[in-house]
file coords.pdb (PDB, C-alpha atoms)
ATOM      1  CA  ILE A   1     -78.746 193.052 130.315
ATOM      2  CA  SER A   2     -75.504 191.178 130.836
ATOM      3  CA  PHE A   3     -75.169 187.590 132.042
ATOM      4  CA  GLN A   4     -72.252 185.654 133.422
ATOM      5  CA  VAL A   5     -71.634 181.958 132.780
ATOM      6  CA  ASP A   6     -70.447 180.516 136.065
ATOM      7  CA  GLY A   7     -70.263 176.906 134.906
ATOM      8  CA  LEU A   8     -70.396 175.122 131.556
ATOM      9  CA  GLY A   9     -71.133 171.524 130.642
ATOM     10  CA  VAL A  10     -71.032 170.145 127.096
ATOM     11  CA  VAL A  11     -71.629 166.603 125.814
ATOM     12  CA  GLY A  12     -71.542 165.854 122.092
ATOM     13  CA  PRO A  13     -69.690 163.914 119.403
ATOM     14  CA  GLY A  14     -66.008 164.074 120.306
ATOM     15  CA  ILE A  15     -66.784 166.523 123.117
ATOM     16  CA  SER A  16     -66.983 165.695 126.777
ATOM     17  CA  GLY A  17     -66.354 168.753 128.894
ATOM     18  CA  ARG A  18     -64.994 172.261 128.551
ATOM     19  CA  GLY A  19     -61.454 171.111 127.808
ATOM     20  CA  ALA A  20     -62.548 169.000 124.837
ATOM     21  CA  LEU A  21     -64.748 171.832 123.571
ATOM     22  CA  GLU A  22     -61.891 174.344 123.763
ATOM     23  CA  ALA A  23     -59.573 171.901 122.002
ATOM     24  CA  LEU A  24     -62.069 171.606 119.168
ATOM     25  CA  LEU A  25     -62.910 175.320 118.884
ATOM     26  CA  PHE A  26     -59.477 176.852 119.369
ATOM     27  CA  ARG A  27     -57.028 174.178 118.251
ATOM     28  CA  GLY A  28     -59.085 172.094 115.841
ATOM     29  CA  HIS A  29     -58.497 168.927 117.867
ATOM     30  CA  ALA A  30     -61.340 166.615 118.818
ATOM     31  CA  GLY A  31     -61.975 163.073 119.839
ATOM     32  CA  SER A  32     -63.918 160.690 117.659
ATOM     33  CA  LEU A  33     -66.760 162.588 116.033
ATOM     34  CA  ASP A  34     -68.498 159.306 115.296
ATOM     35  CA  SER A  35     -69.842 158.794 118.791
ATOM     36  CA  THR A  36     -71.001 160.680 121.856
ATOM     37  CA  ASP A  37     -69.842 159.485 125.264
ATOM     38  CA  ILE A  38     -72.904 160.266 127.360
ATOM     39  CA  GLY A  39     -71.514 158.861 130.576
ATOM     40  CA  THR A  40     -73.402 158.093 133.771
ATOM     41  CA  PRO A  41     -74.721 161.034 135.811
ATOM     42  CA  GLU A  42     -73.370 160.851 139.335
ATOM     43  CA  VAL A  43     -76.438 162.574 140.808
ATOM     44  CA  LEU A  44     -78.615 159.514 140.181
ATOM     45  CA  SER A  45     -78.841 156.545 142.488
ATOM     46  CA  PRO A  46     -77.982 153.150 140.935
ATOM     47  CA  ARG A  47     -81.705 152.362 140.679
ATOM     48  CA  GLU A  48     -82.508 155.640 138.908
ATOM     49  CA  ARG A  49     -79.525 155.181 136.583
ATOM     50  CA  ARG A  50     -80.994 151.890 135.397
ATOM     51  CA  ARG A  51     -84.364 153.518 134.752
ATOM     52  CA  ALA A  52     -83.087 156.671 133.043
ATOM     53  CA  SER A  53     -83.121 156.767 129.248
ATOM     54  CA  PRO A  54     -80.117 157.860 127.132
ATOM     55  CA  THR A  55     -81.810 161.234 126.608
ATOM     56  CA  VAL A  56     -82.148 161.810 130.341
ATOM     57  CA  ARG A  57     -78.546 160.712 130.967
ATOM     58  CA  LEU A  58     -77.377 163.082 128.222
ATOM     59  CA  ALA A  59     -79.078 166.094 129.818
ATOM     60  CA  LEU A  60     -77.961 165.197 133.335
ATOM     61  CA  SER A  61     -74.341 164.597 132.317
ATOM     62  CA  ALA A  62     -74.090 168.141 130.935
ATOM     63  CA  ALA A  63     -75.955 169.578 133.937
ATOM     64  CA  SER A  64     -73.666 167.787 136.406
ATOM     65  CA  GLU A  65     -70.567 169.145 134.720
ATOM     66  CA  ALA A  66     -71.865 172.725 134.657
ATOM     67  CA  VAL A  67     -72.832 172.673 138.328
ATOM     68  CA  ARG A  68     -69.552 171.022 139.339
ATOM     69  CA  GLU A  69     -67.575 173.691 137.453
ATOM     70  CA  SER A  70     -69.595 176.493 139.045
ATOM     71  CA  GLY A  71     -68.825 175.273 142.562
ATOM     72  CA  ARG A  72     -72.446 175.865 143.564
ATOM     73  CA  ALA A  73     -74.777 173.433 145.278
ATOM     74  CA  ALA A  74     -77.146 171.804 142.792
ATOM     75  CA  ASP A  75     -80.124 172.116 145.136
ATOM     76  CA  THR A  76     -79.794 175.923 145.260
ATOM     77  CA  LEU A  77     -80.359 176.523 141.537
ATOM     78  CA  PRO A  78     -83.729 177.040 139.844
ATOM     79  CA  MET A  79     -83.785 175.051 136.589
ATOM     80  CA  VAL A  80     -84.705 175.486 132.930
ATOM     81  CA  PHE A  81     -84.531 172.303 130.840
ATOM     82  CA  ALA A  82     -85.215 172.548 127.104
ATOM     83  CA  SER A  83     -85.442 169.953 124.337
ATOM     84  CA  SER A  84     -86.976 170.462 120.923
ATOM     85  CA  LEU A  85     -87.923 166.785 120.660
ATOM     86  CA  GLY A  86     -88.183 165.210 124.075
ATOM     87  CA  ASP A  87     -87.338 161.522 124.296
ATOM     88  CA  GLY A  88     -87.712 159.986 120.835
ATOM     89  CA  THR A  89     -86.436 156.574 121.900
ATOM     90  CA  ILE A  90     -89.179 156.222 124.491
ATOM     91  CA  LEU A  91     -91.784 157.594 122.080
ATOM     92  CA  ASN A  92     -90.760 155.015 119.477
ATOM     93  CA  GLU A  93     -91.040 152.201 122.031
ATOM     94  CA  LEU A  94     -94.521 153.349 123.061
ATOM     95  CA  LEU A  95     -95.680 153.494 119.449
ATOM     96  CA  GLU A  96     -94.397 149.950 118.887
ATOM     97  CA  VAL A  97     -96.333 148.768 121.937
ATOM     98  CA  LEU A  98     -99.537 150.382 120.637
ATOM     99  CA  VAL A  99     -99.487 148.319 117.449
ATOM    100  CA  ASP A 100     -99.121 145.139 119.501
ATOM    101  CA  PRO A 101    -102.528 143.617 120.350
ATOM    102  CA  ALA A 102    -101.474 143.152 123.996
ATOM    103  CA  ARG A 103    -100.571 146.855 124.411
ATOM    104  CA  HIS A 104     -98.571 146.299 127.590
ATOM    105  CA  VAL A 105     -96.892 149.614 128.347
ATOM    106  CA  SER A 106     -94.042 149.493 130.834
ATOM    107  CA  PRO A 107     -94.670 151.942 133.718
ATOM    108  CA  THR A 108     -90.992 152.887 133.595
ATOM    109  CA  ARG A 109     -91.188 153.649 129.881
ATOM    110  CA  PHE A 110     -94.397 155.591 130.368
ATOM    111  CA  HIS A 111     -93.045 157.882 133.079
ATOM    112  CA  ASN A 112     -89.946 158.523 130.950
ATOM    113  CA  SER A 113     -92.135 159.620 128.038
ATOM    114  CA  VAL A 114     -93.183 162.962 129.502
ATOM    115  CA  HIS A 115     -91.271 166.033 128.356
ATOM    116  CA  ASN A 116     -90.138 166.996 131.857
ATOM    117  CA  ALA A 117     -88.534 163.606 132.620
ATOM    118  CA  ALA A 118     -84.955 164.953 132.579
ATOM    119  CA  LEU A 119     -85.918 167.846 134.855
ATOM    120  CA  ALA A 120     -87.693 165.439 137.216
ATOM    121  CA  TYR A 121     -84.693 163.086 137.404
ATOM    122  CA  TRP A 122     -82.419 166.063 138.116
ATOM    123  CA  SER A 123     -84.739 167.385 140.845
ATOM    124  CA  ILE A 124     -84.937 163.970 142.501
ATOM    125  CA  GLY A 125     -81.224 163.217 142.166
ATOM    126  CA  THR A 126     -80.116 166.565 143.596
ATOM    127  CA  ALA A 127     -82.985 166.965 146.098
ATOM    128  CA  ASN A 128     -83.735 170.290 144.418
ATOM    129  CA  ARG A 129     -87.179 171.591 145.366
ATOM    130  CA  LEU A 130     -86.878 174.940 143.602
ATOM    131  CA  ALA A 131     -88.844 176.046 140.548
ATOM    132  CA  GLY A 132     -88.177 174.162 137.340
ATOM    133  CA  THR A 133     -89.352 174.754 133.783
ATOM    134  CA  SER A 134     -89.312 172.252 130.935
ATOM    135  CA  LEU A 135     -89.959 173.695 127.492
ATOM    136  CA  ALA A 136     -89.877 172.979 123.777
ATOM    137  CA  ALA A 137     -90.136 175.306 120.778
ATOM    138  CA  HIS A 138     -88.973 173.156 117.842
ATOM    139  CA  ASP A 139     -86.222 175.034 115.954
ATOM    140  CA  PHE A 140     -86.483 177.948 118.375
ATOM    141  CA  THR A 141     -85.965 175.932 121.541
ATOM    142  CA  PHE A 142     -82.535 177.331 122.428
ATOM    143  CA  GLY A 143     -83.713 180.913 121.947
ATOM    144  CA  ALA A 144     -86.878 180.280 123.952
ATOM    145  CA  ALA A 145     -84.835 178.729 126.759
ATOM    146  CA  LEU A 146     -82.476 181.707 126.840
ATOM    147  CA  LEU A 147     -85.420 184.120 126.889
ATOM    148  CA  LYS A 148     -87.089 182.239 129.736
ATOM    149  CA  SER A 149     -83.800 182.146 131.664
ATOM    150  CA  ALA A 150     -83.166 185.859 131.076
ATOM    151  CA  ALA A 151     -86.647 186.789 132.260
ATOM    152  CA  GLN A 152     -86.252 184.718 135.407
ATOM    153  CA  LEU A 153     -82.790 186.091 136.153
ATOM    154  CA  VAL A 154     -84.003 189.686 135.818
ATOM    155  CA  ALA A 155     -87.191 189.098 137.803
ATOM    156  CA  GLU A 156     -85.635 187.093 140.636
ATOM    157  CA  HIS A 157     -81.959 188.188 140.644
ATOM    158  CA  CYS A 158     -80.987 184.564 141.130
ATOM    159  CA  THR A 159     -78.476 182.105 139.730
ATOM    160  CA  LEU A 160     -79.999 179.334 137.635
ATOM    161  CA  LEU A 161     -79.182 176.212 135.668
ATOM    162  CA  LEU A 162     -80.050 176.136 131.954
ATOM    163  CA  VAL A 163     -79.824 172.761 130.176
ATOM    164  CA  VAL A 164     -80.505 172.387 126.437
ATOM    165  CA  TYR A 165     -80.364 168.911 124.892
ATOM    166  CA  ASP A 166     -81.581 166.665 122.081
ATOM    167  CA  HIS A 167     -81.021 163.029 121.209
ATOM    168  CA  PRO A 168     -81.688 161.664 117.688
ATOM    169  CA  PHE A 169     -84.860 159.701 117.091
ATOM    170  CA  PRO A 170     -84.496 156.026 116.126
ATOM    171  CA  ALA A 171     -85.673 154.843 112.708
ATOM    172  CA  PRO A 172     -88.213 155.335 111.248
ATOM    173  CA  LEU A 173     -89.056 158.424 113.344
ATOM    174  CA  ASP A 174     -85.679 159.978 112.515
ATOM    175  CA  ARG A 175     -87.009 160.852 109.054
ATOM    176  CA  THR A 176     -89.409 163.341 110.622
ATOM    177  CA  ARG A 177     -86.603 165.378 112.218
ATOM    178  CA  PRO A 178     -83.095 164.155 111.463
ATOM    179  CA  LEU A 179     -80.389 164.980 114.010
ATOM    180  CA  LEU A 180     -76.765 164.027 113.474
ATOM    181  CA  ALA A 181     -75.802 163.141 117.037
ATOM    182  CA  PRO A 182     -76.771 163.486 120.690
ATOM    183  CA  PHE A 183     -75.821 166.887 122.080
ATOM    184  CA  ALA A 184     -76.344 168.743 125.351
ATOM    185  CA  ALA A 185     -75.104 172.032 126.757
ATOM    186  CA  ALA A 186     -75.637 173.277 130.296
ATOM    187  CA  PHE A 187     -74.936 176.687 131.793
ATOM    188  CA  VAL A 188     -75.011 178.043 135.321
ATOM    189  CA  LEU A 189     -76.037 181.662 134.735
ATOM    190  CA  TYR A 190     -76.337 184.755 136.873
ATOM    191  CA  LEU A 191     -77.178 188.377 136.177
ATOM    192  CA  ALA A 192     -73.958 190.367 135.850
ATOM    193  CA  ALA A 193     -75.506 193.760 135.058
ATOM    194  CA  LEU A 194     -78.841 195.296 134.262
ATOM    195  CA  ARG A 195     -78.546 198.442 132.144
ATOM    196  CA  LEU A 196     -81.730 200.462 132.031
ATOM    197  CA  ILE A 197     -82.325 202.379 128.785
ATOM    198  CA  PRO A 198     -83.363 205.979 129.581
ATOM    199  CA  ARG A 199     -86.705 207.103 128.150
TER     200      ARG A 199
END
call {"tool": "encode", "arguments": {"input": "coords.pdb", "output": "structure tokens"}}
result
Amino acid sequence: ISFQVDGLGVVGPGISGRGALEALLFRGHAGSLDSTDIGTPEVLSPRERRRASPTVRLALSAASEAVRESGRAADTLPMVFASSLGDGTILNELLEVLVDPARHVSPTRFHNSVHNAALAYWSIGTANRLAGTSLAAHDFTFGAALLKSAAQLVAEHCTLLLVVYDHPFPAPLDRTRPLLAPFAAAFVLYLAALRLIPR
């Protein structure tokens, strides 16, 4: 099985886009590695931008870049979104609310707490009504996302959007799974060749 990357989006420390990634990988040049410029996803309305968490904006920034580079319409691509952690910032806020006697949970925070929040924001922002999968597999998340994408590409002979992302947890949750920096990578993939192995 052979796949083609038709569009690439990368957001990480010192990396914002394919050009910055190539500069780092091939020429050893990078921007400041101390911070990640997540940016503001253009696919979201101003209202949704205000409601979206940093984790959601991270995933959507990479997805937007990959789709823009591919030249394809965002609403024509089935989606696979994968994060090993989900949204730790929102989880931390919910846990803090639970220890408060009032226990007033913000509806906005609550709907951002589900694992498929980034996928849902992308679907709404791009008016994409195609199939979407949100998955997590801890340390094996990237491999699981590739496997799911490969299976779907072979079964459906389609082009799809794969987005893999994680944002560090705030303290004290960060001790449970330390991550150095926010990072997201997005790929628009299609099946280039299917080689059948003779029996």
call {"tool": "closest_residue", "arguments": {"input": "coords.pdb", "among": "A:His104, A:Arg109, A:His115, A:Lys148", "to": "Ser84 (chain A)", "atoms": "all atoms listed in the file"}}
result
A:His115
call {"tool": "resolve_selection", "arguments": {"input": "coords.pdb", "expression": "the PyMOL selection byres ((chain A and resi 139) around 12)", "output": "ChimeraX atom specification"}}
result
/A:82-85,136-138,140-145,166,177,179
call {"tool": "residues_around", "arguments": {"input": "coords.pdb", "residues": "Leu44 (chain A)", "least_positions_apart": "5", "cutoff": "9 Å", "atoms": "only C-alpha atoms", "output": "tab-separated table (two decimals) with C-alpha atoms, in the coordinates of the input"}}
result
chain	number	residue	atom	x	y	z
A	49	ARG	CA	-79.53	155.18	136.58
A	52	ALA	CA	-83.09	156.67	133.04
A	60	LEU	CA	-77.96	165.20	133.34
A	121	TYR	CA	-84.69	163.09	137.40
A	122	TRP	CA	-82.42	166.06	138.12
A	124	ILE	CA	-84.94	163.97	142.50
A	125	GLY	CA	-81.22	163.22	142.17
A	126	THR	CA	-80.12	166.56	143.60
call {"tool": "resolve_selection", "arguments": {"input": "coords.pdb", "expression": "the PyMOL selection byres ((chain A and resi 19) around 12)", "output": "ChimeraX atom specification"}}
result
/A:8-11,14-18,20-27,29-31,65,69
call {"tool": "closest_residue", "arguments": {"input": "coords.pdb", "among": "A:Gln4, A:Thr36, A:Thr176, A:Ser106", "to": "Thr159 (chain A)", "atoms": "only C-alpha atoms"}}
result
A:Gln4
call {"tool": "closest_residue", "arguments": {"input": "coords.pdb", "among": "A:Ala155, A:Ala185, A:Leu119, A:Ala59", "to": "Val80 (chain A)", "atoms": "only C-alpha atoms"}}
result
A:Leu119
call {"tool": "resolve_selection", "arguments": {"input": "coords.pdb", "expression": "the PyMOL selection byres ((chain A and resi 170) around 10)", "output": "list in words"}}
result
Gly88, Thr89, Ile90, Leu91, Asn92, Glu93, His167, Pro168, Phe169, Ala171, Pro172, Leu173, Asp174, Arg175 and Pro178 of chain A
call {"tool": "axis_aligned_box", "arguments": {"input": "coords.pdb", "around": "region 53-62 of chain A", "padding_each_side": "4 Å", "output": "JSON"}}
result
{"center_x": -78.6, "center_y": 162.5, "center_z": 130.0, "size_x": 17.0, "size_y": 19.4, "size_z": 14.7}
call {"tool": "residues_around", "arguments": {"input": "coords.pdb", "residues": "His157 (chain A)", "least_positions_apart": "4", "cutoff": "8 Å", "atoms": "all atoms listed in the file", "output": "PyMOL selection string"}}
result
chain A and resi 152-153+190-191
call {"tool": "atom_distance", "arguments": {"input": "coords.pdb", "atom1": "CA of Val67 (chain A)", "atom2": "CA of Val188 (chain A)"}}
result
6.5 Å
call {"tool": "closest_residue", "arguments": {"input": "coords.pdb", "among": "A:Leu98, A:Leu147, A:Leu162, A:Val154", "to": "Ala62 (chain A)", "atoms": "only C-alpha atoms"}}
result
A:Leu162
call {"tool": "atom_distance", "arguments": {"input": "coords.pdb", "atom1": "CA of Ser61 (chain A)", "atom2": "CA of Glu156 (chain A)"}}
result
26.5 Å
call {"tool": "atom_distance", "arguments": {"input": "coords.pdb", "atom1": "CA of Gly132 (chain A)", "atom2": "CA of Leu95 (chain A)"}}
result
28.3 Å
call {"tool": "closest_residue", "arguments": {"input": "coords.pdb", "among": "A:Leu94, A:Leu58, A:Ala127, A:Cys158", "to": "Val43 (chain A)", "atoms": "all atoms listed in the file"}}
result
A:Ala127
call {"tool": "residues_around", "arguments": {"input": "coords.pdb", "residues": "Ala193 (chain A)", "least_positions_apart": "6", "cutoff": "7 Å", "atoms": "only C-alpha atoms", "output": "number ranges by chain"}}
result
A: 1-3
call {"tool": "residues_around", "arguments": {"input": "coords.pdb", "residues": "Met79 (chain A)", "least_positions_apart": "2", "cutoff": "7 Å", "atoms": "all atoms listed in the file", "output": "VMD selection string"}}
result
chain A and resid 77 81 131 to 133 160 to 162
call {"tool": "closest_residue", "arguments": {"input": "coords.pdb", "among": "A:Leu130, A:Leu135, A:Val99, A:Ala63", "to": "Val163 (chain A)", "atoms": "all atoms listed in the file"}}
result
A:Ala63
